[in-house]
Every structure is written in structure tokens, then in C-alpha cells.
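The data block below is entry05.cif; it holds mmCIF, C-alpha atoms; chains and numbers go by the auth columns.
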data_protein
#
loop_
_atom_site.group_PDB
_atom_site.id
_atom_site.type_symbol
_atom_site.label_atom_id
_atom_site.label_comp_id
_atom_site.label_asym_id
_atom_site.label_seq_id
_atom_site.Cartn_x
_atom_site.Cartn_y
_atom_site.Cartn_z
_atom_site.B_iso_or_equiv
_atom_site.auth_seq_id
_atom_site.auth_asym_id
ATOM 1 C CA MET A 1 22.028 -51.274 29.111 0.00 1 A
ATOM 2 C CA ASP A 2 18.278 -50.535 28.881 0.00 2 A
ATOM 3 C CA ILE A 3 18.812 -47.371 30.918 0.00 3 A
ATOM 4 C CA SER A 4 21.576 -46.241 28.551 0.00 4 A
ATOM 5 C CA ARG A 5 19.339 -46.811 25.538 0.00 5 A
ATOM 6 C CA GLY A 6 16.527 -44.853 27.188 0.00 6 A
ATOM 7 C CA VAL A 7 18.841 -41.937 27.909 0.00 7 A
ATOM 8 C CA PHE A 8 20.161 -42.014 24.328 0.00 8 A
ATOM 9 C CA HIS A 9 16.586 -42.025 22.993 0.00 9 A
ATOM 10 C CA VAL A 10 15.685 -38.995 25.146 0.00 10 A
ATOM 11 C CA LEU A 11 18.776 -37.159 23.888 0.00 11 A
ATOM 12 C CA LEU A 12 17.786 -37.857 20.278 0.00 12 A
ATOM 13 C CA VAL A 13 14.284 -36.499 20.891 0.00 13 A
ATOM 14 C CA LEU A 14 15.667 -33.375 22.577 0.00 14 A
ATOM 15 C CA LEU A 15 18.086 -32.845 19.698 0.00 15 A
ATOM 16 C CA ALA A 16 15.238 -33.118 17.188 0.00 16 A
ATOM 17 C CA LEU A 17 13.180 -30.570 19.087 0.00 17 A
ATOM 18 C CA VAL A 18 16.126 -28.145 19.314 0.00 18 A
ATOM 19 C CA LEU A 19 16.771 -28.414 15.574 0.00 19 A
ATOM 20 C CA GLU A 20 13.088 -27.856 14.943 0.00 20 A
ATOM 21 C CA LYS A 21 13.156 -24.655 17.003 0.00 21 A
ATOM 22 C CA PHE A 22 16.163 -23.384 15.061 0.00 22 A
ATOM 23 C CA ALA A 23 14.331 -24.113 11.808 0.00 23 A
ATOM 24 C CA VAL A 24 11.275 -22.213 13.032 0.00 24 A
ATOM 25 C CA LEU A 25 13.413 -19.190 13.925 0.00 25 A
ATOM 26 C CA ALA A 26 15.043 -19.277 10.490 0.00 26 A
ATOM 27 C CA ALA A 27 11.657 -19.433 8.808 0.00 27 A
ATOM 28 C CA PHE A 28 10.399 -16.417 10.750 0.00 28 A
ATOM 29 C CA SER A 29 13.529 -14.392 9.908 0.00 29 A
ATOM 30 C CA GLN A 30 12.912 -14.616 6.136 0.00 30 A
ATOM 31 C CA SER A 31 10.590 -11.630 5.890 0.00 31 A
ATOM 32 C CA MET A 32 9.867 -10.330 2.392 0.00 32 A
ATOM 33 C CA ASP A 33 7.881 -7.259 3.389 0.00 33 A
ATOM 34 C CA SER A 34 9.295 -3.774 3.926 0.00 34 A
ATOM 35 C CA ASP A 35 7.943 -0.244 4.318 0.00 35 A
ATOM 36 C CA PHE A 36 9.472 3.209 4.150 0.00 36 A
ATOM 37 C CA THR A 37 8.448 6.818 4.832 0.00 37 A
ATOM 38 C CA PHE A 38 10.310 9.750 3.310 0.00 38 A
ATOM 39 C CA THR A 39 9.941 13.461 2.518 0.00 39 A
ATOM 40 C CA LEU A 40 9.815 14.486 -1.153 0.00 40 A
ATOM 41 C CA PRO A 41 10.905 18.138 -1.611 0.00 41 A
ATOM 42 C CA PRO A 42 9.062 20.404 -4.071 0.00 42 A
ATOM 43 C CA GLY A 43 10.214 20.164 -7.664 0.00 43 A
ATOM 44 C CA ARG A 44 11.995 16.852 -7.046 0.00 44 A
ATOM 45 C CA LYS A 45 11.627 13.232 -8.125 0.00 45 A
ATOM 46 C CA GLU A 46 12.783 10.228 -6.103 0.00 46 A
ATOM 47 C CA CYS A 47 13.258 6.742 -7.600 0.00 47 A
ATOM 48 C CA PHE A 48 13.784 3.380 -5.887 0.00 48 A
ATOM 49 C CA PHE A 49 14.941 0.042 -7.286 0.00 49 A
ATOM 50 C CA GLN A 50 14.008 -3.521 -6.355 0.00 50 A
ATOM 51 C CA THR A 51 15.738 -6.608 -7.747 0.00 51 A
ATOM 52 C CA MET A 52 13.233 -9.326 -8.658 0.00 52 A
ATOM 53 C CA LYS A 53 13.287 -12.875 -9.993 0.00 53 A
ATOM 54 C CA LYS A 54 11.240 -14.481 -12.715 0.00 54 A
ATOM 55 C CA ASP A 55 7.705 -15.656 -11.869 0.00 55 A
ATOM 56 C CA ALA A 56 7.722 -13.665 -8.626 0.00 56 A
ATOM 57 C CA SER A 57 5.244 -11.004 -7.546 0.00 57 A
ATOM 58 C CA LEU A 58 5.887 -7.405 -6.536 0.00 58 A
ATOM 59 C CA GLU A 59 3.128 -5.450 -4.798 0.00 59 A
ATOM 60 C CA ILE A 60 3.587 -1.804 -3.869 0.00 60 A
ATOM 61 C CA GLU A 61 1.166 0.364 -1.929 0.00 61 A
ATOM 62 C CA TYR A 62 1.751 4.076 -1.351 0.00 62 A
ATOM 63 C CA GLN A 63 0.029 6.972 0.388 0.00 63 A
ATOM 64 C CA VAL A 64 0.707 10.702 0.614 0.00 64 A
ATOM 65 C CA LEU A 65 0.601 11.445 4.328 0.00 65 A
ATOM 66 C CA ASP A 66 1.201 15.191 4.319 0.00 66 A
ATOM 67 C CA GLY A 67 1.560 18.095 1.916 0.00 67 A
ATOM 68 C CA ALA A 68 -0.652 20.498 -0.012 0.00 68 A
ATOM 69 C CA GLY A 69 -3.186 18.612 -2.102 0.00 69 A
ATOM 70 C CA LEU A 70 -2.048 15.214 -0.754 0.00 70 A
ATOM 71 C CA ASP A 71 -1.109 14.159 -4.297 0.00 71 A
ATOM 72 C CA VAL A 72 1.935 12.895 -6.183 0.00 72 A
ATOM 73 C CA ASP A 73 2.825 11.413 -9.574 0.00 73 A
ATOM 74 C CA PHE A 74 3.896 7.765 -9.532 0.00 74 A
ATOM 75 C CA TYR A 75 5.040 5.182 -12.052 0.00 75 A
ATOM 76 C CA ILE A 76 6.635 1.725 -12.192 0.00 76 A
ATOM 77 C CA ALA A 77 9.109 0.729 -14.918 0.00 77 A
ATOM 78 C CA SER A 78 10.249 -2.782 -15.884 0.00 78 A
ATOM 79 C CA PRO A 79 13.938 -3.767 -16.234 0.00 79 A
ATOM 80 C CA THR A 80 13.648 -2.973 -19.967 0.00 80 A
ATOM 81 C CA GLY A 81 12.441 0.562 -19.233 0.00 81 A
ATOM 82 C CA HIS A 82 8.786 -0.043 -20.139 0.00 82 A
ATOM 83 C CA VAL A 83 6.352 1.901 -17.927 0.00 83 A
ATOM 84 C CA LEU A 84 3.917 -0.596 -16.384 0.00 84 A
ATOM 85 C CA PHE A 85 1.755 1.734 -14.266 0.00 85 A
ATOM 86 C CA ASN A 86 1.458 5.505 -14.268 0.00 86 A
ATOM 87 C CA ASP A 87 -0.568 7.474 -11.682 0.00 87 A
ATOM 88 C CA TYR A 88 -1.110 11.210 -12.124 0.00 88 A
ATOM 89 C CA ARG A 89 -1.515 13.337 -8.988 0.00 89 A
ATOM 90 C CA LYS A 90 -3.056 10.671 -6.742 0.00 90 A
ATOM 91 C CA SER A 91 -3.051 10.484 -2.958 0.00 91 A
ATOM 92 C CA ASP A 92 -2.722 6.674 -2.760 0.00 92 A
ATOM 93 C CA GLY A 93 -2.508 3.585 -4.913 0.00 93 A
ATOM 94 C CA VAL A 94 -1.872 -0.173 -4.984 0.00 94 A
ATOM 95 C CA HIS A 95 -0.186 -2.014 -7.863 0.00 95 A
ATOM 96 C CA THR A 96 0.858 -5.650 -8.352 0.00 96 A
ATOM 97 C CA VAL A 97 3.385 -6.786 -10.960 0.00 97 A
ATOM 98 C CA GLU A 98 4.261 -10.304 -12.129 0.00 98 A
ATOM 99 C CA THR A 99 8.012 -9.894 -12.434 0.00 99 A
ATOM 100 C CA GLU A 100 10.922 -11.103 -14.522 0.00 100 A
ATOM 101 C CA ASP A 101 14.638 -11.166 -13.757 0.00 101 A
ATOM 102 C CA GLY A 102 16.019 -7.670 -13.305 0.00 102 A
ATOM 103 C CA ASP A 103 15.717 -4.394 -11.422 0.00 103 A
ATOM 104 C CA TYR A 104 12.297 -2.737 -11.255 0.00 104 A
ATOM 105 C CA MET A 105 12.165 1.019 -10.781 0.00 105 A
ATOM 106 C CA PHE A 106 9.351 2.952 -9.124 0.00 106 A
ATOM 107 C CA CYS A 107 9.410 6.737 -8.863 0.00 107 A
ATOM 108 C CA PHE A 108 7.536 9.440 -6.970 0.00 108 A
ATOM 109 C CA ASP A 109 7.383 12.762 -8.833 0.00 109 A
ATOM 110 C CA ASN A 110 6.677 16.117 -7.177 0.00 110 A
ATOM 111 C CA THR A 111 8.010 18.345 -9.964 0.00 111 A
ATOM 112 C CA PHE A 112 4.548 19.818 -10.573 0.00 112 A
ATOM 113 C CA SER A 113 4.733 21.532 -7.161 0.00 113 A
ATOM 114 C CA SER A 114 7.170 24.393 -6.635 0.00 114 A
ATOM 115 C CA VAL A 115 6.271 25.150 -3.000 0.00 115 A
ATOM 116 C CA SER A 116 4.872 22.172 -1.094 0.00 116 A
ATOM 117 C CA GLU A 117 6.863 19.141 0.005 0.00 117 A
ATOM 118 C CA LYS A 118 5.165 15.749 0.406 0.00 118 A
ATOM 119 C CA VAL A 119 5.528 13.082 3.085 0.00 119 A
ATOM 120 C CA ILE A 120 5.086 9.700 1.371 0.00 120 A
ATOM 121 C CA PHE A 121 4.685 6.220 2.825 0.00 121 A
ATOM 122 C CA PHE A 122 5.049 3.073 0.724 0.00 122 A
ATOM 123 C CA GLU A 123 5.204 -0.651 1.391 0.00 123 A
ATOM 124 C CA LEU A 124 6.670 -3.457 -0.707 0.00 124 A
ATOM 125 C CA ILE A 125 5.377 -7.031 -0.563 0.00 125 A
ATOM 126 C CA LEU A 126 7.474 -9.649 -2.375 0.00 126 A
ATOM 127 C CA ASP A 127 5.960 -13.072 -3.091 0.00 127 A
ATOM 128 C CA ASN A 128 7.456 -16.242 -4.551 0.00 128 A
ATOM 129 C CA MET A 129 11.002 -15.037 -3.981 0.00 129 A
ATOM 130 C CA ASP A 130 13.109 -18.185 -3.713 0.00 130 A
ATOM 131 C CA THR A 131 15.928 -17.937 -1.204 0.00 131 A
ATOM 132 C CA ASP A 132 19.306 -19.617 -1.536 0.00 132 A
ATOM 133 C CA GLU A 133 18.641 -21.833 1.456 0.00 133 A
ATOM 134 C CA ASP A 134 16.216 -24.697 1.140 0.00 134 A
ATOM 135 C CA PRO A 135 13.701 -24.463 4.005 0.00 135 A
ATOM 136 C CA ASP A 136 13.598 -28.280 4.126 0.00 136 A
ATOM 137 C CA ASP A 137 17.370 -28.707 4.692 0.00 137 A
ATOM 138 C CA TRP A 138 16.864 -28.903 8.437 0.00 138 A
ATOM 139 C CA LYS A 139 14.970 -32.186 8.029 0.00 139 A
ATOM 140 C CA GLU A 140 18.138 -34.108 7.138 0.00 140 A
ATOM 141 C CA TYR A 141 19.421 -33.518 10.678 0.00 141 A
ATOM 142 C CA VAL A 142 16.325 -35.038 12.278 0.00 142 A
ATOM 143 C CA HIS A 143 16.475 -38.805 12.799 0.00 143 A
ATOM 144 C CA GLY A 144 14.815 -41.258 15.068 0.00 144 A
ATOM 145 C CA THR A 145 11.583 -39.325 15.506 0.00 145 A
ATOM 146 C CA ASP A 146 9.253 -41.878 13.908 0.00 146 A
ATOM 147 C CA MET A 147 8.082 -42.997 17.307 0.00 147 A
ATOM 148 C CA LEU A 148 6.751 -39.539 18.110 0.00 148 A
ATOM 149 C CA ASP A 149 2.994 -39.086 17.863 0.00 149 A
ATOM 150 C CA MET A 150 3.369 -35.761 16.034 0.00 150 A
ATOM 151 C CA LYS A 151 4.524 -35.089 12.488 0.00 151 A
ATOM 152 C CA LEU A 152 7.092 -32.376 12.046 0.00 152 A
ATOM 153 C CA GLU A 153 5.804 -31.596 8.562 0.00 153 A
ATOM 154 C CA ASP A 154 2.340 -30.851 9.920 0.00 154 A
ATOM 155 C CA ILE A 155 3.845 -28.645 12.614 0.00 155 A
ATOM 156 C CA MET A 156 5.815 -26.679 10.038 0.00 156 A
ATOM 157 C CA ASP A 157 2.729 -26.260 7.835 0.00 157 A
ATOM 158 C CA THR A 158 0.790 -24.925 10.794 0.00 158 A
ATOM 159 C CA ILE A 159 3.607 -22.551 11.750 0.00 159 A
ATOM 160 C CA ASN A 160 3.887 -21.288 8.171 0.00 160 A
ATOM 161 C CA ASN A 161 0.143 -20.630 8.097 0.00 161 A
ATOM 162 C CA VAL A 162 0.387 -18.706 11.354 0.00 162 A
ATOM 163 C CA LYS A 163 3.353 -16.761 9.979 0.00 163 A
ATOM 164 C CA ALA A 164 1.407 -15.841 6.830 0.00 164 A
ATOM 165 C CA ARG A 165 -1.573 -14.641 8.858 0.00 165 A
ATOM 166 C CA LEU A 166 0.642 -12.638 11.196 0.00 166 A
ATOM 167 C CA SER A 167 2.336 -11.008 8.203 0.00 167 A
ATOM 168 C CA LYS A 168 -1.072 -10.114 6.791 0.00 168 A
ATOM 169 C CA SER A 169 -2.112 -8.628 10.144 0.00 169 A
ATOM 170 C CA VAL A 170 1.084 -6.561 10.306 0.00 170 A
ATOM 171 C CA HIS A 171 0.431 -5.344 6.758 0.00 171 A
ATOM 172 C CA ILE A 172 -3.129 -4.276 7.604 0.00 172 A
ATOM 173 C CA GLN A 173 -1.989 -2.505 10.775 0.00 173 A
ATOM 174 C CA THR A 174 0.741 -0.673 8.862 0.00 174 A
ATOM 175 C CA VAL A 175 -1.754 0.513 6.262 0.00 175 A
ATOM 176 C CA LEU A 176 -4.180 1.641 8.966 0.00 176 A
ATOM 177 C CA ARG A 177 -1.418 3.595 10.705 0.00 177 A
ATOM 178 C CA ALA A 178 -0.607 5.301 7.421 0.00 178 A
ATOM 179 C CA PHE A 179 -4.266 6.248 6.930 0.00 179 A
ATOM 180 C CA GLU A 180 -4.406 7.544 10.502 0.00 180 A
ATOM 181 C CA ALA A 181 -1.273 9.648 10.007 0.00 181 A
ATOM 182 C CA ARG A 182 -2.646 11.140 6.797 0.00 182 A
ATOM 183 C CA ASP A 183 -6.011 11.963 8.405 0.00 183 A
ATOM 184 C CA ARG A 184 -4.288 13.506 11.424 0.00 184 A
ATOM 185 C CA ASN A 185 -2.107 15.697 9.217 0.00 185 A
ATOM 186 C CA LEU A 186 -5.184 16.773 7.236 0.00 186 A
ATOM 187 C CA GLN A 187 -7.096 17.646 10.418 0.00 187 A
ATOM 188 C CA GLU A 188 -4.173 19.630 11.807 0.00 188 A
ATOM 189 C CA SER A 189 -3.887 21.522 8.524 0.00 189 A
ATOM 190 C CA ASN A 190 -7.618 22.324 8.565 0.00 190 A
ATOM 191 C CA PHE A 191 -7.357 23.395 12.208 0.00 191 A
ATOM 192 C CA ASP A 192 -4.553 25.844 11.381 0.00 192 A
ATOM 193 C CA ARG A 193 -6.526 27.236 8.450 0.00 193 A
ATOM 194 C CA VAL A 194 -9.649 27.734 10.577 0.00 194 A
ATOM 195 C CA ASN A 195 -7.639 29.558 13.252 0.00 195 A
ATOM 196 C CA PHE A 196 -5.918 31.759 10.678 0.00 196 A
ATOM 197 C CA TRP A 197 -9.119 32.837 8.957 0.00 197 A
ATOM 198 C CA SER A 198 -10.919 33.307 12.286 0.00 198 A
ATOM 199 C CA ILE A 199 -8.211 35.702 13.484 0.00 199 A
ATOM 200 C CA THR A 200 -8.246 37.462 10.108 0.00 200 A
ATOM 201 C CA ASN A 201 -12.031 37.936 10.249 0.00 201 A
ATOM 202 C CA LEU A 202 -11.796 39.199 13.824 0.00 202 A
ATOM 203 C CA LEU A 203 -9.200 41.788 12.881 0.00 203 A
ATOM 204 C CA VAL A 204 -11.274 42.918 9.896 0.00 204 A
ATOM 205 C CA MET A 205 -14.358 43.289 12.111 0.00 205 A
ATOM 206 C CA VAL A 206 -12.416 45.373 14.658 0.00 206 A
ATOM 207 C CA ILE A 207 -11.029 47.651 11.944 0.00 207 A
ATOM 208 C CA VAL A 208 -14.464 48.075 10.300 0.00 208 A
ATOM 209 C CA SER A 209 -16.032 48.858 13.667 0.00 209 A
ATOM 210 C CA ALA A 210 -13.385 51.477 14.422 0.00 210 A
ATOM 211 C CA VAL A 211 -13.881 53.097 11.009 0.00 211 A
ATOM 212 C CA GLN A 212 -17.647 53.164 11.467 0.00 212 A
ATOM 213 C CA VAL A 213 -17.352 54.804 14.917 0.00 213 A
ATOM 214 C CA TYR A 214 -14.999 57.405 13.495 0.00 214 A
ATOM 215 C CA LEU A 215 -17.330 58.200 10.591 0.00 215 A
ATOM 216 C CA VAL A 216 -20.396 58.486 12.834 0.00 216 A
ATOM 217 C CA ARG A 217 -18.608 60.788 15.268 0.00 217 A
ATOM 218 C CA SER A 218 -17.337 62.926 12.404 0.00 218 A
ATOM 219 C CA LEU A 219 -20.925 63.494 11.254 0.00 219 A
ATOM 220 C CA PHE A 220 -21.934 65.079 14.597 0.00 220 A
ATOM 221 C CA GLU A 221 -18.865 67.192 15.134 0.00 221 A
ATOM 222 C CA ASP A 222 -19.520 70.977 14.962 0.00 222 A
ATOM 223 C CA LYS A 223 -16.612 72.459 13.104 0.00 223 A
ATOM 224 C CA ARG A 224 -17.957 76.046 13.048 0.00 224 A
ATOM 225 C CA LYS A 225 -15.921 78.568 14.942 0.00 225 A
ATOM 226 C CA ILE A 226 -17.769 80.797 17.502 0.00 226 A
ATOM 227 C CA CYS A 227 -16.502 84.379 17.756 0.00 227 A
ATOM 228 C CA THR A 228 -16.900 86.210 21.090 0.00 228 A
#
Before anything else, please render the file you have as C-alpha cells.
Amino acid sequence: MDISRGVFHVLLVLLALVLEKFAVLAAFSQSMDSDFTFTLPPGRKECFFQTMKKDASLEIEYQVLDGAGLDVDFYIASPTGHVLFNDYRKSDGVHTVETEDGDYMFCFDNTFSSVSEKVIFFELILDNMDTDEDPDDWKEYVHGTDMLDMKLEDIMDTINNVKARLSKSVHIQTVLRAFEARDRNLQESNFDRVNFWSITNLLVMVIVSAVQVYLVRSLFEDKRKICT
């Protein structure tokens, strides 16, 4: 009988640990960050919509990665149509909005350019967005773990802190990659310009040299006819 109780106790502990692992996986799957890169043609405007809840937070960061001038017009509008932020021909920006219930619209405007397209990167960070599932529902399935030396609540707090720091690290790395892509595109553009103007100057120098040789030779040519 004691052996049966010991086996049953071990099974309960294993079941608690398995449920805990499933809860951890569910917590890590609820990511509220997203990023997107797209090409904005000349003379066009692209708008995006994000549904938000009351007392939540919406943070958007954007960068122009490629295109002449590395600039774009940007604005954010509330669900009522009120413009909250308006940037005029900027290469990057960061804005945070304390939201209400409804759809928020943010637009990138390239109508001022009739020739150059823009490659734009932006990232959305949503905070205080309550999900339909209660993250503490998994605790009702855990029983008989009072004899354990560890506290599941403390473990979950630690895991959530690690998750938050990892999300922050991913955000920083994403932003750094965007900066690197923009700098690389700018360097490649400058490299092409330097090569173009170098070849142009070389051709001009060759033509000028040929003209000068022709003019000098024409000065010493004897065009008089000798009769014999």
C-alpha cells in the first residue's frame, strides 16, 4: 500500500510538471510584437490598421531603408479620425499612443515623390492587451504540489521576466538590423554615384585632351601650296 501511494505521488508530481511546461509554452506563444517591411511606390500612400483595446499602449517605430532622400510622410489617426502624430519627410520616428477601443490607422505617404520608391520598415509593440484566456487558468489543474520545495508562482514570475527581456533583446536586434540595412543601402548608392561621376570625369578628360591635341597640331600645319 505504501508503494502504491508513493507511485501515485510521483505521478501527481509529474503531471504538475507537465502542465507547467504546457503553460510556459502557451505564455511564450502570446507575442504582441510584429514587424513588416514593404516597398512604397512613388506617388502612393499606404495605410495600415490595428485594432486596440482601452487602456492599452501602441508603440510604432519606422525607418526608411532605401530610396532617394530616405524620407517619407507619416501620421497616426485615432478611431474617431483625429490625427495624433504627423511627421513630414522624416527618415525614422518612434511614437507611443495610449489607446481606446477601436481601429487605429497609420499611413506612409510618398505622394511628394514622382520618381523614387521607398523601402520602409516598421515595428508594432502592443502592451496591456488582455487576451481571452486567463494565464492563471492552468493553476486549477495543479494539485498536491504543496510538498514541493519550489513555488510555481515564483517560477512563472521568473519565466515572464526572462520572456520580457528576450522580447526587448529581439526588438533591439530588429532595430539594429534595420539601421544596418539603411546604412548599407546608402553606402551602395554613394558607391554607384562615385563610380558614375568618376567615369564621366574620365570621359570628359579624354575628350578635352583629344581636342587640345587637335588644336595644337592644327596650329603647326602648313596649309600653303608649293608650286613646282
Q) Between CA of Ser189 in chain A and CA of Asn201 in chain A, what is the spacing in Å? A)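 Taking CA of Asn201 in chain A and CA of Ser189 in chain A, their separation equals 18.4 Å.
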Q: Convert the output of the PyMOL selection byres ((chain A and resi 62) around 10) on the shown file into explicit residues, formatted as a list of chain:residue names.
A: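 Selected by the PyMOL selection byres ((chain A and resi 62) around 10) in this file: A:Asp35, A:Phe36, A:Thr37, A:Ile60, A:Glu61, A:Gln63, A:Val64, A:Leu65, A:Phe74, A:Lys90, A:Ser91, A:Asp92, A:Gly93, A:Val94, A:His95, A:Phe108, A:Ile120, A:Phe121, A:Phe122, A:Glu123, A:Leu124, A:Val175, A:Ala178.
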Q | Within-9 Å shell of (8.3, -14.5, -7.1) in input frame, only C-alpha atoms, as a ChimeraX atom specification | A | /A:52-58,98-100,126-130
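Shell of Glu188 in chain A at 12 Å, with all atoms listed in the file counted and residues fewer than 6 places along the chain excluded, is Asp66, Gly67, Ala181, Arg182, Val194 and Asn195 of chain A.
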Q. Between A:Asn185, A:Ile125, A:Pro41, A:Val83, which has the minimum distance to Lys168 in chain A (counting all atoms listed in the file)?
A.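 When distances to Lys168 in chain A are compared using all atoms listed in the file, the smallest one comes from A:Ile125.
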**Q.** Asp103 in chain A environment, 7 Å, all atoms listed in the file, sequence neighbours closer than 2 positions dropped, as a PyMOL selection string
**A.** chain A and resi 49-52+79+105
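A straight line drawn from CA of Phe106 in chain A to CA of Glu46 in chain A is 8.6 Å long.
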(Q) If the PyMOL selection byres ((chain A and resi 164) around 12) were run on this exact file, what residues would it hold? Put them as a PyMOL selection string. (A) chain A and resi 27-28+30-33+127+157-163+165-171
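The spacing separating CA of Phe191 in chain A from CA of Ser113 in chain A amounts to 22.9 Å.
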Using only C-alpha atoms and a cutoff of 7 Å, can you tell me which residues are near (7.4, 15.7, -1.0) in the file's coordinates, and write them out as a tab-separated table (two decimals) with C-alpha atoms, keeping the file's coordinate frame?
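Here's the written file part-v4.tsv:
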chain	number	residue	atom	x	y	z
A	39	THR	CA	9.94	13.46	2.52
A	40	LEU	CA	9.82	14.49	-1.15
A	41	PRO	CA	10.90	18.14	-1.61
A	42	PRO	CA	9.06	20.40	-4.07
A	67	GLY	CA	1.56	18.10	1.92
A	110	ASN	CA	6.68	16.12	-7.18
A	116	SER	CA	4.87	22.17	-1.09
A	117	GLU	CA	6.86	19.14	0.00
A	118	LYS	CA	5.16	15.75	0.41
A	119	VAL	CA	5.53	13.08	3.08
A	120	ILE	CA	5.09	9.70	1.37
